[in-house]
file upload32.tsv (TSV, C-alpha atoms)
chain	number	residue	atom	x	y	z
A	1	MET	CA	56.44	155.42	88.52
A	2	SER	CA	54.25	154.09	91.33
A	3	GLU	CA	55.65	153.00	94.70
A	4	SER	CA	54.63	149.39	94.09
A	5	LYS	CA	56.63	149.22	90.88
A	6	MET	CA	59.67	150.70	92.65
A	7	VAL	CA	59.51	147.94	95.29
A	8	GLU	CA	59.24	145.24	92.61
A	9	SER	CA	62.24	146.57	90.66
A	10	LYS	CA	64.44	146.83	93.77
A	11	ALA	CA	63.63	143.31	95.07
A	12	PRO	CA	65.28	141.33	92.24
A	13	ARG	CA	68.35	143.57	92.40
A	14	ARG	CA	68.61	143.03	96.17
A	15	ARG	CA	68.30	139.26	95.73
A	16	SER	CA	71.01	139.35	93.04
A	17	LEU	CA	73.36	141.27	95.32
A	18	LEU	CA	72.74	138.87	98.21
A	19	LYS	CA	73.37	135.87	95.94
A	20	GLY	CA	76.63	137.38	94.71
A	21	ALA	CA	77.76	138.04	98.26
A	22	ALA	CA	76.96	134.46	99.26
A	23	VAL	CA	78.97	133.09	96.35
A	24	ALA	CA	81.90	135.31	97.24
A	25	ALA	CA	81.73	134.26	100.87
A	26	GLY	CA	81.64	130.60	99.86
A	27	ALA	CA	84.67	131.06	97.64
A	28	MET	CA	86.59	132.68	100.50
A	29	SER	CA	85.73	129.85	102.91
A	30	ALA	CA	86.61	127.04	100.47
A	31	PRO	CA	90.19	125.69	100.68
A	32	MET	CA	92.65	126.78	98.02
A	33	ILE	CA	93.43	123.82	95.74
A	34	ALA	CA	96.95	124.05	94.37
A	35	VAL	CA	97.83	122.38	91.13
A	36	ALA	CA	100.50	119.84	92.11
A	37	GLN	CA	103.72	119.92	90.16
A	38	THR	CA	105.52	116.72	89.26
A	39	THR	CA	108.92	116.11	90.82
A	40	SER	CA	110.97	113.92	88.51
A	41	LEU	CA	113.87	111.85	89.82
A	42	ARG	CA	116.39	110.16	87.56
A	43	PHE	CA	117.63	106.81	88.86
A	44	GLN	CA	120.11	104.29	87.48
A	45	SER	CA	120.37	100.64	88.40
A	46	THR	CA	123.57	98.62	88.49
A	47	TRP	CA	121.97	95.98	86.28
A	48	PRO	CA	121.72	95.36	82.52
A	49	ALA	CA	118.29	96.20	81.08
A	50	LYS	CA	117.56	92.51	80.39
A	51	ASP	CA	118.27	91.38	83.96
A	52	ILE	CA	115.37	90.63	86.29
A	53	PHE	CA	117.14	92.87	88.82
A	54	HIS	CA	116.54	95.88	86.57
A	55	GLU	CA	112.91	94.75	86.38
A	56	TYR	CA	112.79	94.83	90.19
A	57	ALA	CA	114.10	98.41	90.09
A	58	ASN	CA	111.34	99.38	87.66
A	59	ASP	CA	108.76	97.58	89.82
A	60	PHE	CA	109.72	99.81	92.76
A	61	ALA	CA	109.56	102.95	90.62
A	62	LYS	CA	106.11	102.00	89.31
A	63	LYS	CA	104.75	101.55	92.83
A	64	VAL	CA	106.00	105.00	93.82
A	65	ASN	CA	104.72	106.61	90.62
A	66	ASP	CA	101.29	105.01	90.92
A	67	MET	CA	100.82	105.94	94.59
A	68	ALA	CA	102.14	109.47	94.16
A	69	GLY	CA	99.36	110.29	91.71
A	70	GLY	CA	101.49	112.41	89.41
A	71	ARG	CA	103.30	114.36	92.13
A	72	LEU	CA	106.45	112.24	91.98
A	73	ARG	CA	107.89	110.31	89.07
A	74	ILE	CA	110.96	108.06	89.17
A	75	GLU	CA	112.64	107.04	85.91
A	76	VAL	CA	115.11	104.15	86.09
A	77	LEU	CA	117.97	103.78	83.59
A	78	PRO	CA	120.05	100.58	83.22
A	79	ALA	CA	123.68	100.16	84.25
A	80	GLY	CA	126.11	102.35	82.33
A	81	ALA	CA	123.49	104.81	81.07
A	82	VAL	CA	125.06	107.60	83.16
A	83	VAL	CA	127.87	105.98	85.18
A	84	PRO	CA	129.44	102.50	85.43
A	85	ALA	CA	127.73	100.13	87.85
A	86	PHE	CA	130.38	100.36	90.55
A	87	GLN	CA	130.24	104.19	90.54
A	88	LEU	CA	126.57	104.44	91.49
A	89	LEU	CA	127.12	105.52	95.10
A	90	GLU	CA	129.38	108.43	94.15
A	91	ALA	CA	127.00	109.56	91.42
A	92	VAL	CA	124.03	109.63	93.81
A	93	ASN	CA	126.10	111.39	96.48
A	94	LYS	CA	127.17	114.13	94.04
A	95	GLY	CA	123.70	114.55	92.57
A	96	THR	CA	124.72	113.34	89.13
A	97	LEU	CA	121.88	110.89	89.71
A	98	ASP	CA	118.93	111.48	92.02
A	99	GLY	CA	118.96	107.85	93.12
A	100	GLY	CA	119.84	104.30	92.24
A	101	HIS	CA	119.19	100.60	92.66
A	102	GLY	CA	121.94	98.11	93.48
A	103	VAL	CA	123.51	96.22	96.37
A	104	VAL	CA	125.54	97.46	99.32
A	105	ALA	CA	128.38	95.02	98.57
A	106	TYR	CA	129.21	97.03	95.43
A	107	HIS	CA	130.51	99.81	97.74
A	108	TYR	CA	132.92	97.41	99.43
A	109	GLY	CA	135.97	99.40	98.27
A	110	LYS	CA	134.92	102.44	100.31
A	111	ASN	CA	134.61	100.57	103.60
A	112	ASN	CA	134.75	96.79	103.79
A	113	ALA	CA	132.10	96.78	106.54
A	114	LEU	CA	129.54	97.61	103.85
A	115	ALA	CA	129.94	94.12	102.39
A	116	LEU	CA	128.49	92.63	105.58
A	117	TRP	CA	125.04	93.45	104.19
A	118	GLY	CA	125.25	90.44	101.90
A	119	SER	CA	128.63	88.73	101.96
A	120	GLY	CA	129.26	85.79	104.25
A	121	PRO	CA	127.03	83.39	106.20
A	122	ALA	CA	125.54	86.11	108.48
A	123	PHE	CA	125.82	83.80	111.51
A	124	GLY	CA	123.20	81.48	110.03
A	125	MET	CA	120.60	84.14	109.17
A	126	ASP	CA	118.72	83.88	105.91
A	127	PRO	CA	118.22	87.07	103.79
A	128	ASN	CA	114.88	87.96	105.36
A	129	MET	CA	116.40	87.68	108.83
A	130	VAL	CA	119.25	89.97	107.77
A	131	LEU	CA	116.59	92.50	106.72
A	132	SER	CA	114.94	92.04	110.12
A	133	TRP	CA	118.28	92.78	111.80
A	134	HIS	CA	118.71	95.82	109.57
A	135	ASN	CA	115.27	97.29	110.29
A	136	TYR	CA	114.75	96.22	113.90
A	137	GLY	CA	118.13	95.12	115.26
A	138	GLY	CA	120.27	98.22	114.71
A	139	GLY	CA	121.62	97.56	111.23
A	140	LYS	CA	120.11	100.68	109.65
A	141	ALA	CA	121.75	103.01	112.17
A	142	LEU	CA	125.09	101.28	111.57
A	143	LEU	CA	124.76	101.64	107.79
A	144	ASP	CA	123.97	105.34	108.20
A	145	GLU	CA	127.03	105.67	110.44
A	146	ILE	CA	129.27	104.08	107.81
A	147	TYR	CA	127.93	106.32	105.04
A	148	LYS	CA	128.54	109.36	107.22
A	149	ALA	CA	132.09	108.16	107.94
A	150	ILE	CA	132.87	107.93	104.20
A	151	ASN	CA	131.16	111.28	103.47
A	152	MET	CA	128.29	109.88	101.43
A	153	ASP	CA	125.25	112.15	101.73
A	154	VAL	CA	122.64	109.56	100.76
A	155	VAL	CA	119.45	107.99	102.06
A	156	SER	CA	119.53	104.19	101.87
A	157	TYR	CA	116.67	101.71	101.89
A	158	LEU	CA	117.32	97.96	101.97
A	159	TYR	CA	114.69	95.54	100.71
A	160	GLY	CA	114.17	92.37	98.69
A	161	PRO	CA	115.60	89.22	100.33
A	162	MET	CA	117.55	87.33	97.67
A	163	PRO	CA	117.52	83.53	97.48
A	164	THR	CA	120.80	81.78	98.37
A	165	GLN	CA	123.23	82.35	95.53
A	166	PRO	CA	124.98	79.44	93.76
A	167	LEU	CA	128.67	78.83	94.35
A	168	GLY	CA	129.00	79.59	90.65
A	169	TRP	CA	129.41	78.40	87.09
A	170	PHE	CA	132.37	76.16	86.29
A	171	LYS	CA	133.79	74.35	83.27
A	172	LYS	CA	134.07	71.24	85.45
A	173	PRO	CA	132.01	70.33	88.53
A	174	VAL	CA	133.67	71.20	91.85
A	175	ALA	CA	134.19	68.02	93.86
A	176	LYS	CA	136.62	69.32	96.49
A	177	VAL	CA	138.19	72.56	97.76
A	178	GLN	CA	141.35	71.90	95.73
A	179	ASP	CA	139.33	72.19	92.51
A	180	LEU	CA	139.01	75.94	93.13
A	181	LYS	CA	142.74	76.58	93.35
A	182	GLY	CA	144.20	78.56	90.48
A	183	LEU	CA	140.87	79.44	88.84
A	184	LYS	CA	140.34	82.98	87.56
A	185	PHE	CA	137.04	83.71	89.29
A	186	ARG	CA	134.46	86.51	89.37
A	187	THR	CA	132.79	87.60	92.61
A	188	VAL	CA	132.29	90.83	94.61
A	189	GLY	CA	132.29	92.18	98.17
A	190	LEU	CA	133.89	90.20	100.96
A	191	SER	CA	133.41	87.15	98.77
A	192	VAL	CA	136.56	88.42	97.06
A	193	ASP	CA	138.45	87.72	100.29
A	194	MET	CA	136.74	84.37	100.79
A	195	PHE	CA	137.48	83.00	97.30
A	196	THR	CA	140.98	84.48	97.32
A	197	ALA	CA	141.69	82.62	100.56
A	198	MET	CA	140.38	79.45	98.91
A	199	GLY	CA	142.94	79.75	96.12
A	200	THR	CA	141.21	81.58	93.25
A	201	ALA	CA	142.41	84.69	91.43
A	202	VAL	CA	139.43	87.03	91.76
A	203	ASN	CA	138.24	89.61	89.24
A	204	PRO	CA	135.25	91.63	90.64
A	205	LEU	CA	133.39	92.35	87.39
A	206	PRO	CA	129.92	93.97	87.22
A	207	GLY	CA	127.06	91.76	86.06
A	208	GLY	CA	126.99	92.77	82.42
A	209	GLU	CA	130.66	91.97	81.87
A	210	ILE	CA	130.76	88.44	83.32
A	211	VAL	CA	129.60	86.27	80.41
A	212	PRO	CA	131.73	88.09	77.80
A	213	ALA	CA	134.75	87.58	80.07
A	214	LEU	CA	133.93	83.87	80.40
A	215	ASP	CA	133.48	83.57	76.65
A	216	ARG	CA	136.86	85.19	75.93
A	217	GLY	CA	138.67	83.14	78.57
A	218	LEU	CA	139.50	86.16	80.73
A	219	ILE	CA	138.00	84.27	83.67
A	220	ASP	CA	137.52	80.52	84.19
A	221	ALA	CA	134.46	80.57	86.44
A	222	ALA	CA	132.03	83.03	88.00
A	223	GLU	CA	129.12	83.51	90.33
A	224	PHE	CA	126.34	86.04	89.92
A	225	ASN	CA	123.05	85.44	91.65
A	226	ASN	CA	120.04	83.38	90.54
A	227	ALA	CA	118.55	81.25	87.76
A	228	SER	CA	116.65	84.13	86.13
A	229	SER	CA	119.57	86.58	86.09
A	230	ASP	CA	122.07	83.91	85.07
A	231	ARG	CA	119.86	82.76	82.20
A	232	ALA	CA	119.19	86.33	81.00
A	233	LEU	CA	122.91	87.10	81.06
A	234	GLY	CA	123.62	83.96	79.01
A	235	PHE	CA	125.74	81.84	81.35
A	236	GLN	CA	124.27	78.69	79.80
A	237	ASP	CA	125.73	79.64	76.41
A	238	VAL	CA	129.34	79.53	77.64
A	239	VAL	CA	129.39	77.21	80.70
A	240	LYS	CA	127.37	74.06	81.37
A	241	ASN	CA	128.01	73.30	85.06
A	242	CYS	CA	126.47	75.20	87.97
A	243	MET	CA	127.20	74.46	91.62
A	244	LEU	CA	124.22	75.22	93.88
A	245	GLN	CA	124.40	76.41	97.50
A	246	SER	CA	127.12	78.52	99.04
A	247	PHE	CA	127.84	80.72	102.06
A	248	HIS	CA	129.62	83.47	100.14
A	249	GLN	CA	126.41	85.49	99.50
A	250	SER	CA	123.67	83.69	101.41
A	251	GLY	CA	121.94	86.67	103.03
A	252	GLU	CA	121.96	89.49	100.48
A	253	GLN	CA	119.33	92.10	99.69
A	254	PHE	CA	118.90	95.09	97.36
A	255	GLU	CA	119.58	98.74	98.11
A	256	ILE	CA	117.60	101.77	96.92
A	257	LEU	CA	119.61	104.98	97.19
A	258	PHE	CA	118.46	108.61	97.18
A	259	ASN	CA	120.52	111.77	97.01
A	260	LYS	CA	119.88	113.14	100.51
A	261	PRO	CA	119.19	116.81	99.61
A	262	LYS	CA	116.77	115.70	96.86
A	263	TYR	CA	115.05	113.31	99.25
A	264	ALA	CA	114.85	115.89	102.06
A	265	ALA	CA	113.21	118.40	99.71
A	266	LEU	CA	110.26	116.07	99.12
A	267	PRO	CA	107.07	116.66	101.15
A	268	GLN	CA	106.63	114.26	104.05
A	269	GLU	CA	103.68	112.55	102.38
A	270	LEU	CA	105.84	111.64	99.36
A	271	ARG	CA	108.60	110.35	101.62
A	272	SER	CA	105.98	108.20	103.34
A	273	ILE	CA	104.91	106.84	99.96
A	274	ILE	CA	108.55	105.90	99.29
A	275	ASP	CA	108.76	104.17	102.70
A	276	TYR	CA	105.73	102.02	102.01
A	277	ALA	CA	106.66	101.40	98.38
A	278	VAL	CA	109.94	99.91	99.62
A	279	GLN	CA	108.08	97.55	101.95
A	280	ALA	CA	105.59	96.56	99.26
A	281	SER	CA	108.40	96.04	96.75
A	282	SER	CA	110.26	93.80	99.20
A	283	ALA	CA	107.33	91.43	99.44
A	284	ASP	CA	106.52	91.59	95.73
A	285	MET	CA	110.15	90.95	94.75
A	286	SER	CA	110.38	87.85	96.95
A	287	TRP	CA	107.19	86.44	95.43
A	288	LYS	CA	108.25	87.19	91.87
A	289	ALA	CA	111.68	85.64	92.50
A	290	ILE	CA	110.11	82.32	93.53
A	291	ASP	CA	107.93	82.25	90.42
A	292	ARG	CA	110.55	83.32	87.89
A	293	ASN	CA	113.60	81.58	89.37
A	294	SER	CA	111.80	78.24	89.49
A	295	GLN	CA	110.68	78.59	85.86
A	296	ASP	CA	114.15	79.60	84.67
A	297	TYR	CA	115.74	76.76	86.64
A	298	ILE	CA	113.71	74.36	84.49
A	299	GLU	CA	114.67	76.20	81.28
A	300	LEU	CA	118.36	76.09	82.17
A	301	LYS	CA	118.13	72.34	82.64
A	302	LYS	CA	116.43	72.04	79.24
A	303	SER	CA	119.33	73.94	77.66
A	304	GLY	CA	121.78	71.31	78.87
A	305	VAL	CA	123.04	72.86	82.10
A	306	LYS	CA	123.98	70.35	84.81
A	307	PHE	CA	123.34	71.39	88.40
A	308	TYR	CA	125.28	69.96	91.33
A	309	LYS	CA	125.05	70.49	95.07
A	310	THR	CA	128.19	72.09	96.43
A	311	PRO	CA	130.03	69.46	98.51
A	312	GLU	CA	129.78	69.92	102.28
A	313	ALA	CA	133.58	70.01	102.49
A	314	VAL	CA	133.57	73.18	100.37
A	315	LEU	CA	130.79	74.75	102.45
A	316	ARG	CA	132.65	74.00	105.68
A	317	ALA	CA	135.83	75.45	104.20
A	318	GLN	CA	133.92	78.64	103.42
A	319	LEU	CA	132.85	78.94	107.06
A	320	SER	CA	136.40	78.39	108.31
A	321	VAL	CA	137.81	80.96	105.89
A	322	TRP	CA	135.05	83.42	106.85
A	323	ASP	CA	135.99	83.18	110.54
A	324	LYS	CA	139.54	84.24	109.69
A	325	ILE	CA	138.32	87.11	107.50
A	326	VAL	CA	136.06	88.39	110.28
A	327	THR	CA	138.87	88.24	112.84
A	328	THR	CA	141.29	90.11	110.58
A	329	LYS	CA	138.84	92.78	109.37
A	330	SER	CA	137.47	93.39	112.87
A	331	ALA	CA	140.99	94.11	114.14
A	332	GLU	CA	141.58	96.55	111.27
A	333	ASN	CA	138.23	98.33	111.13
A	334	ALA	CA	136.23	99.41	114.20
A	335	LEU	CA	133.06	99.83	112.13
A	336	PHE	CA	133.44	96.32	110.75
A	337	LYS	CA	133.71	94.96	114.28
A	338	LYS	CA	130.67	96.98	115.33
A	339	VAL	CA	128.52	95.55	112.54
A	340	ILE	CA	129.70	91.98	113.16
A	341	GLU	CA	128.93	92.19	116.88
A	342	SER	CA	125.46	93.59	116.17
A	343	GLN	CA	124.69	90.87	113.61
A	344	LYS	CA	125.95	88.12	115.88
A	345	ALA	CA	123.87	89.26	118.87
A	346	PHE	CA	120.71	89.43	116.75
A	347	ALA	CA	121.41	86.10	115.02
A	348	ALA	CA	121.97	84.27	118.30
A	349	ARG	CA	118.39	85.08	119.28
A	350	ALA	CA	116.57	85.12	115.94
A	351	SER	CA	118.23	82.06	114.41
A	352	GLN	CA	117.52	79.88	117.43
A	353	TRP	CA	113.85	80.87	117.22
A	354	GLN	CA	113.68	80.19	113.48
A	355	ASN	CA	115.55	76.88	113.64
A	356	ASP	CA	113.41	75.64	116.53
A	357	TYR	CA	110.08	76.75	115.09
A	358	MET	CA	110.37	76.14	111.33
A	359	VAL	CA	109.45	72.70	110.05
A	360	ASP	CA	111.65	70.84	107.56
A	361	PHE	CA	109.80	71.67	104.33
A	362	LYS	CA	111.96	69.24	102.38
A	363	MET	CA	110.27	66.38	104.21
A	364	ALA	CA	106.87	67.46	102.90
A	365	TYR	CA	108.25	68.03	99.40
A	366	ASN	CA	109.75	64.54	99.33
A	367	HIS	CA	106.50	63.08	100.61
A	368	TYR	CA	104.60	64.44	97.61
A	369	PHE	CA	107.15	64.66	94.79
A	370	ALA	CA	110.17	62.42	95.41
A	371	LYS	CA	110.35	59.47	93.04
A	372	THR	CA	109.64	56.20	94.82
A	373	LYS	CA	112.20	53.51	94.31
A	374	THR	CA	110.82	50.32	92.95
A	375	LYS	CA	111.96	47.11	94.55
A	376	ALA	CA	113.87	44.67	92.36
call {"tool": "encode", "arguments": {"input": "upload32.tsv", "output": "structure tokens"}}
result
Amino acid sequence: MSESKMVESKAPRRRSLLKGAAVAAGAMSAPMIAVAQTTSLRFQSTWPAKDIFHEYANDFAKKVNDMAGGRLRIEVLPAGAVVPAFQLLEAVNKGTLDGGHGVVAYHYGKNNALALWGSGPAFGMDPNMVLSWHNYGGGKALLDEIYKAINMDVVSYLYGPMPTQPLGWFKKPVAKVQDLKGLKFRTVGLSVDMFTAMGTAVNPLPGGEIVPALDRGLIDAAEFNNASSDRALGFQDVVKNCMLQSFHQSGEQFEILFNKPKYAALPQELRSIIDYAVQASSADMSWKAIDRNSQDYIELKKSGVKFYKTPEAVLRAQLSVWDKIVTTKSAENALFKKVIESQKAFAARASQWQNDYMVDFKMAYNHYFAKTKTKA
């Protein structure tokens, strides 16, 4: 073999070796891409599957699932699928459930201070202002302190400002405070104390049990929450009178619970997704509530339900009763007093600002939609 042929045969081999080395070097310098595994969390709500509240729970889960891109998946079961509605907190704490969707007032029996995230007039704050107090005025730290005091190892997110809840559904319209006396009535949280002080015999039933109890005569009257939930639960099929406006649950919001060890095991980026999904869900829920509640309010009227404004005498009686409840509970429970003082300090500032700045929207509504009276 000639020397020229030897050079030609070696050149391609050398180029092949250099190319292979370059590929290997490139592979070593490229980042390792791990195949992400899906973390699945099993949640339960405290709501029947047909309730719009359960829909809100699924809306939150969908936002998390979509943003997590397959790395985290939350499945939400309806009330009773694993545990009864009022046992949600214990189930999440023990790890029987990875998380849940409900309201803080449902844990009232563990520490009555928990009901202050919903029950009562909140010193004139609306639900969104209560959420502002929670997130920026010290409420979150106080809620964490209460959960620690009752040995609940959970992570709690509050979101979703609820519209003012009706006084309730009654067989006869409520014209005065005395009309409440002796009624077997359903409510929850510190509203139990309020309605008890106003003369009713309270039975704190979960949502899914209210209408059957009304139908069987186990209770005479009940409150739940809003036009959409009330219609889905079938209130209009057993009672035809609903009293609108009340201070018993005028500032409530939803709670999303996580088992703390399960939550802590998640990568920080997934916990951040949960944080922002809660905020997005809060806004989305408030928008959806306006749309759906207003539609269902019309449908309830079509079905023969009569709506009445709760008399001012009843509303003022609620405030007077609430003052006594706060005084008594504050003397008995240091954490209760701590929450009340924090709420009051925030409300004194925030409510003055809101009341001074916000226009009376009813004036504009009446300008455009109120029926004009024709002169005789």
call {"tool": "residues_around", "arguments": {"input": "upload32.tsv", "residues": "Gly99 in chain A", "least_positions_apart": "6", "cutoff": "7 Å", "atoms": "only C-alpha atoms", "output": "PyMOL selection string"}}
result
chain A and resi 42-44+92+257-259
call {"tool": "residues_near_point", "arguments": {"input": "upload32.tsv", "point": "(125.9, 71.2, 86.1)", "cutoff": "10 Å", "atoms": "only C-alpha atoms", "output": "ChimeraX atom specification"}}
result
/A:169-174,236,239-244,300-301,304-309
call {"tool": "atom_distance", "arguments": {"input": "upload32.tsv", "atom1": "CA of Ala149 in chain A", "atom2": "CA of Ser330 in chain A"}}
result
16.5 Å
call {"tool": "residues_around", "arguments": {"input": "upload32.tsv", "residues": "range 219-234 of chain A", "least_positions_apart": "5", "cutoff": "6 Å", "atoms": "all atoms listed in the file", "output": "PyMOL selection string"}}
result
chain A and resi 51-52+165+168-170+183-187+213-214+293+296-297
call {"tool": "atom_distance", "arguments": {"input": "upload32.tsv", "atom1": "CA of Asp98 in chain A", "atom2": "CA of Trp117 in chain A"}}
result
22.6 Å
call {"tool": "residues_near_point", "arguments": {"input": "upload32.tsv", "point": "(124.4, 98.7, 83.7)", "cutoff": "10 Å", "atoms": "all atoms listed in the file", "output": "MDAnalysis selection string"}}
result
chainID A and resid 44:51 54 77:86 88 206:209
call {"tool": "residues_around", "arguments": {"input": "upload32.tsv", "residues": "Glu90 in chain A", "least_positions_apart": "6", "cutoff": "10 Å", "atoms": "only C-alpha atoms", "output": "NGL selection string"}}
result
:A and (83 or 96-97 or 107 or 151-154 or 259)
call {"tool": "closest_residue", "arguments": {"input": "upload32.tsv", "among": "A:Ala264, A:Ala68, A:Leu116, A:Ser303", "to": "Leu142 in chain A", "atoms": "all atoms listed in the file"}}
result
A:Leu116
call {"tool": "closest_residue", "arguments": {"input": "upload32.tsv", "among": "A:Pro212, A:Trp353, A:Gly109, A:Asp193", "to": "Asp323 in chain A", "atoms": "all atoms listed in the file"}}
result
A:Asp193
call {"tool": "residues_around", "arguments": {"input": "upload32.tsv", "residues": "Val192 in chain A", "least_positions_apart": "3", "cutoff": "9 Å", "atoms": "only C-alpha atoms", "output": "CSV table (one decimal) with C-alpha atoms, keeping the file's coordinate frame"}}
result
chain,number,residue,atom,x,y,z
A,186,ARG,CA,134.5,86.5,89.4
A,187,THR,CA,132.8,87.6,92.6
A,188,VAL,CA,132.3,90.8,94.6
A,189,GLY,CA,132.3,92.2,98.2
A,195,PHE,CA,137.5,83.0,97.3
A,196,THR,CA,141.0,84.5,97.3
A,197,ALA,CA,141.7,82.6,100.6
A,201,ALA,CA,142.4,84.7,91.4
A,202,VAL,CA,139.4,87.0,91.8
A,203,ASN,CA,138.2,89.6,89.2
A,204,PRO,CA,135.2,91.6,90.6
call {"tool": "residues_around", "arguments": {"input": "upload32.tsv", "residues": "Ile150 in chain A", "least_positions_apart": "4", "cutoff": "9 Å", "atoms": "all atoms listed in the file", "output": "ChimeraX atom specification"}}
result
/A:110-111,145-146
call {"tool": "atom_distance", "arguments": {"input": "upload32.tsv", "atom1": "CA of Gln245 in chain A", "atom2": "CA of Gly138 in chain A"}}
result
28.1 Å
call {"tool": "axis_aligned_box", "arguments": {"input": "upload32.tsv", "around": "range 331-337 of chain A", "padding_each_side": "5 Å", "output": "JSON"}}
result
{"center_x": 137.3, "center_y": 97.0, "center_z": 112.5, "size_x": 18.5, "size_y": 15.7, "size_z": 13.5}
call {"tool": "decode", "arguments": {"input": "upload32.tsv", "residues": "range 59-121 of chain A", "atoms": "C-alpha atoms", "output": "PDB file, in the first residue's frame"}}
result
ATOM      1  CA  ASP A  59     -62.080  24.934  40.122  1.00  0.00           C
ATOM      2  CA  PHE A  60     -59.147  25.354  42.525  1.00  0.00           C
ATOM      3  CA  ALA A  61     -57.896  21.830  41.854  1.00  0.00           C
ATOM      4  CA  LYS A  62     -58.054  22.386  38.086  1.00  0.00           C
ATOM      5  CA  LYS A  63     -55.974  25.554  38.321  1.00  0.00           C
ATOM      6  CA  VAL A  64     -53.293  23.716  40.301  1.00  0.00           C
ATOM      7  CA  ASN A  65     -53.354  20.702  37.976  1.00  0.00           C
ATOM      8  CA  ASP A  66     -53.137  22.833  34.839  1.00  0.00           C
ATOM      9  CA  MET A  67     -50.263  24.985  36.112  1.00  0.00           C
ATOM     10  CA  ALA A  68     -48.324  22.055  37.553  1.00  0.00           C
ATOM     11  CA  GLY A  69     -48.025  20.479  34.110  1.00  0.00           C
ATOM     12  CA  GLY A  70     -48.467  16.909  35.298  1.00  0.00           C
ATOM     13  CA  ARG A  71     -46.172  17.141  38.324  1.00  0.00           C
ATOM     14  CA  LEU A  72     -49.015  17.605  40.818  1.00  0.00           C
ATOM     15  CA  ARG A  73     -52.583  16.391  40.608  1.00  0.00           C
ATOM     16  CA  ILE A  74     -55.353  17.124  43.118  1.00  0.00           C
ATOM     17  CA  GLU A  75     -58.515  15.015  43.089  1.00  0.00           C
ATOM     18  CA  VAL A  76     -61.505  16.377  45.014  1.00  0.00           C
ATOM     19  CA  LEU A  77     -64.192  14.089  46.452  1.00  0.00           C
ATOM     20  CA  PRO A  78     -67.572  15.356  47.751  1.00  0.00           C
ATOM     21  CA  ALA A  79     -68.658  15.438  51.393  1.00  0.00           C
ATOM     22  CA  GLY A  80     -68.954  12.026  53.013  1.00  0.00           C
ATOM     23  CA  ALA A  81     -66.829  10.195  50.434  1.00  0.00           C
ATOM     24  CA  VAL A  82     -64.163   9.500  53.078  1.00  0.00           C
ATOM     25  CA  VAL A  83     -65.312  11.275  56.265  1.00  0.00           C
ATOM     26  CA  PRO A  84     -68.370  13.301  57.342  1.00  0.00           C
ATOM     27  CA  ALA A  85     -68.206  17.022  56.554  1.00  0.00           C
ATOM     28  CA  PHE A  86     -67.532  18.133  60.119  1.00  0.00           C
ATOM     29  CA  GLN A  87     -64.600  15.686  60.467  1.00  0.00           C
ATOM     30  CA  LEU A  88     -62.553  17.143  57.624  1.00  0.00           C
ATOM     31  CA  LEU A  89     -59.964  18.906  59.797  1.00  0.00           C
ATOM     32  CA  GLU A  90     -59.119  15.763  61.780  1.00  0.00           C
ATOM     33  CA  ALA A  91     -58.883  13.677  58.612  1.00  0.00           C
ATOM     34  CA  VAL A  92     -56.443  16.115  56.997  1.00  0.00           C
ATOM     35  CA  ASN A  93     -54.419  16.365  60.208  1.00  0.00           C
ATOM     36  CA  LYS A  94     -54.080  12.571  60.462  1.00  0.00           C
ATOM     37  CA  GLY A  95     -53.294  12.128  56.784  1.00  0.00           C
ATOM     38  CA  THR A  96     -56.458  10.172  56.068  1.00  0.00           C
ATOM     39  CA  LEU A  97     -56.940  12.901  53.470  1.00  0.00           C
ATOM     40  CA  ASP A  98     -54.150  14.935  51.896  1.00  0.00           C
ATOM     41  CA  GLY A  99     -56.294  18.062  51.943  1.00  0.00           C
ATOM     42  CA  GLY A 100     -59.769  19.495  51.908  1.00  0.00           C
ATOM     43  CA  HIS A 101     -62.091  22.356  51.047  1.00  0.00           C
ATOM     44  CA  GLY A 102     -64.532  23.850  53.545  1.00  0.00           C
ATOM     45  CA  VAL A 103     -64.954  26.749  55.959  1.00  0.00           C
ATOM     46  CA  VAL A 104     -63.149  27.552  59.195  1.00  0.00           C
ATOM     47  CA  ALA A 105     -66.445  27.860  61.110  1.00  0.00           C
ATOM     48  CA  TYR A 106     -66.947  24.088  60.755  1.00  0.00           C
ATOM     49  CA  HIS A 107     -64.072  23.619  63.254  1.00  0.00           C
ATOM     50  CA  TYR A 108     -65.843  25.770  65.837  1.00  0.00           C
ATOM     51  CA  GLY A 109     -66.097  22.873  68.309  1.00  0.00           C
ATOM     52  CA  LYS A 110     -62.307  22.647  68.630  1.00  0.00           C
ATOM     53  CA  ASN A 111     -61.814  26.302  69.531  1.00  0.00           C
ATOM     54  CA  ASN A 112     -64.609  28.844  69.270  1.00  0.00           C
ATOM     55  CA  ALA A 113     -62.131  31.506  68.078  1.00  0.00           C
ATOM     56  CA  LEU A 114     -62.041  29.684  64.738  1.00  0.00           C
ATOM     57  CA  ALA A 115     -65.608  30.792  64.028  1.00  0.00           C
ATOM     58  CA  LEU A 116     -64.460  34.421  63.919  1.00  0.00           C
ATOM     59  CA  TRP A 117     -63.329  33.767  60.343  1.00  0.00           C
ATOM     60  CA  GLY A 118     -66.929  34.017  59.170  1.00  0.00           C
ATOM     61  CA  SER A 119     -69.428  34.297  62.003  1.00  0.00           C
ATOM     62  CA  GLY A 120     -70.617  37.691  63.182  1.00  0.00           C
ATOM     63  CA  PRO A 121     -70.544  41.210  61.732  1.00  0.00           C
TER      64      PRO A 121
END
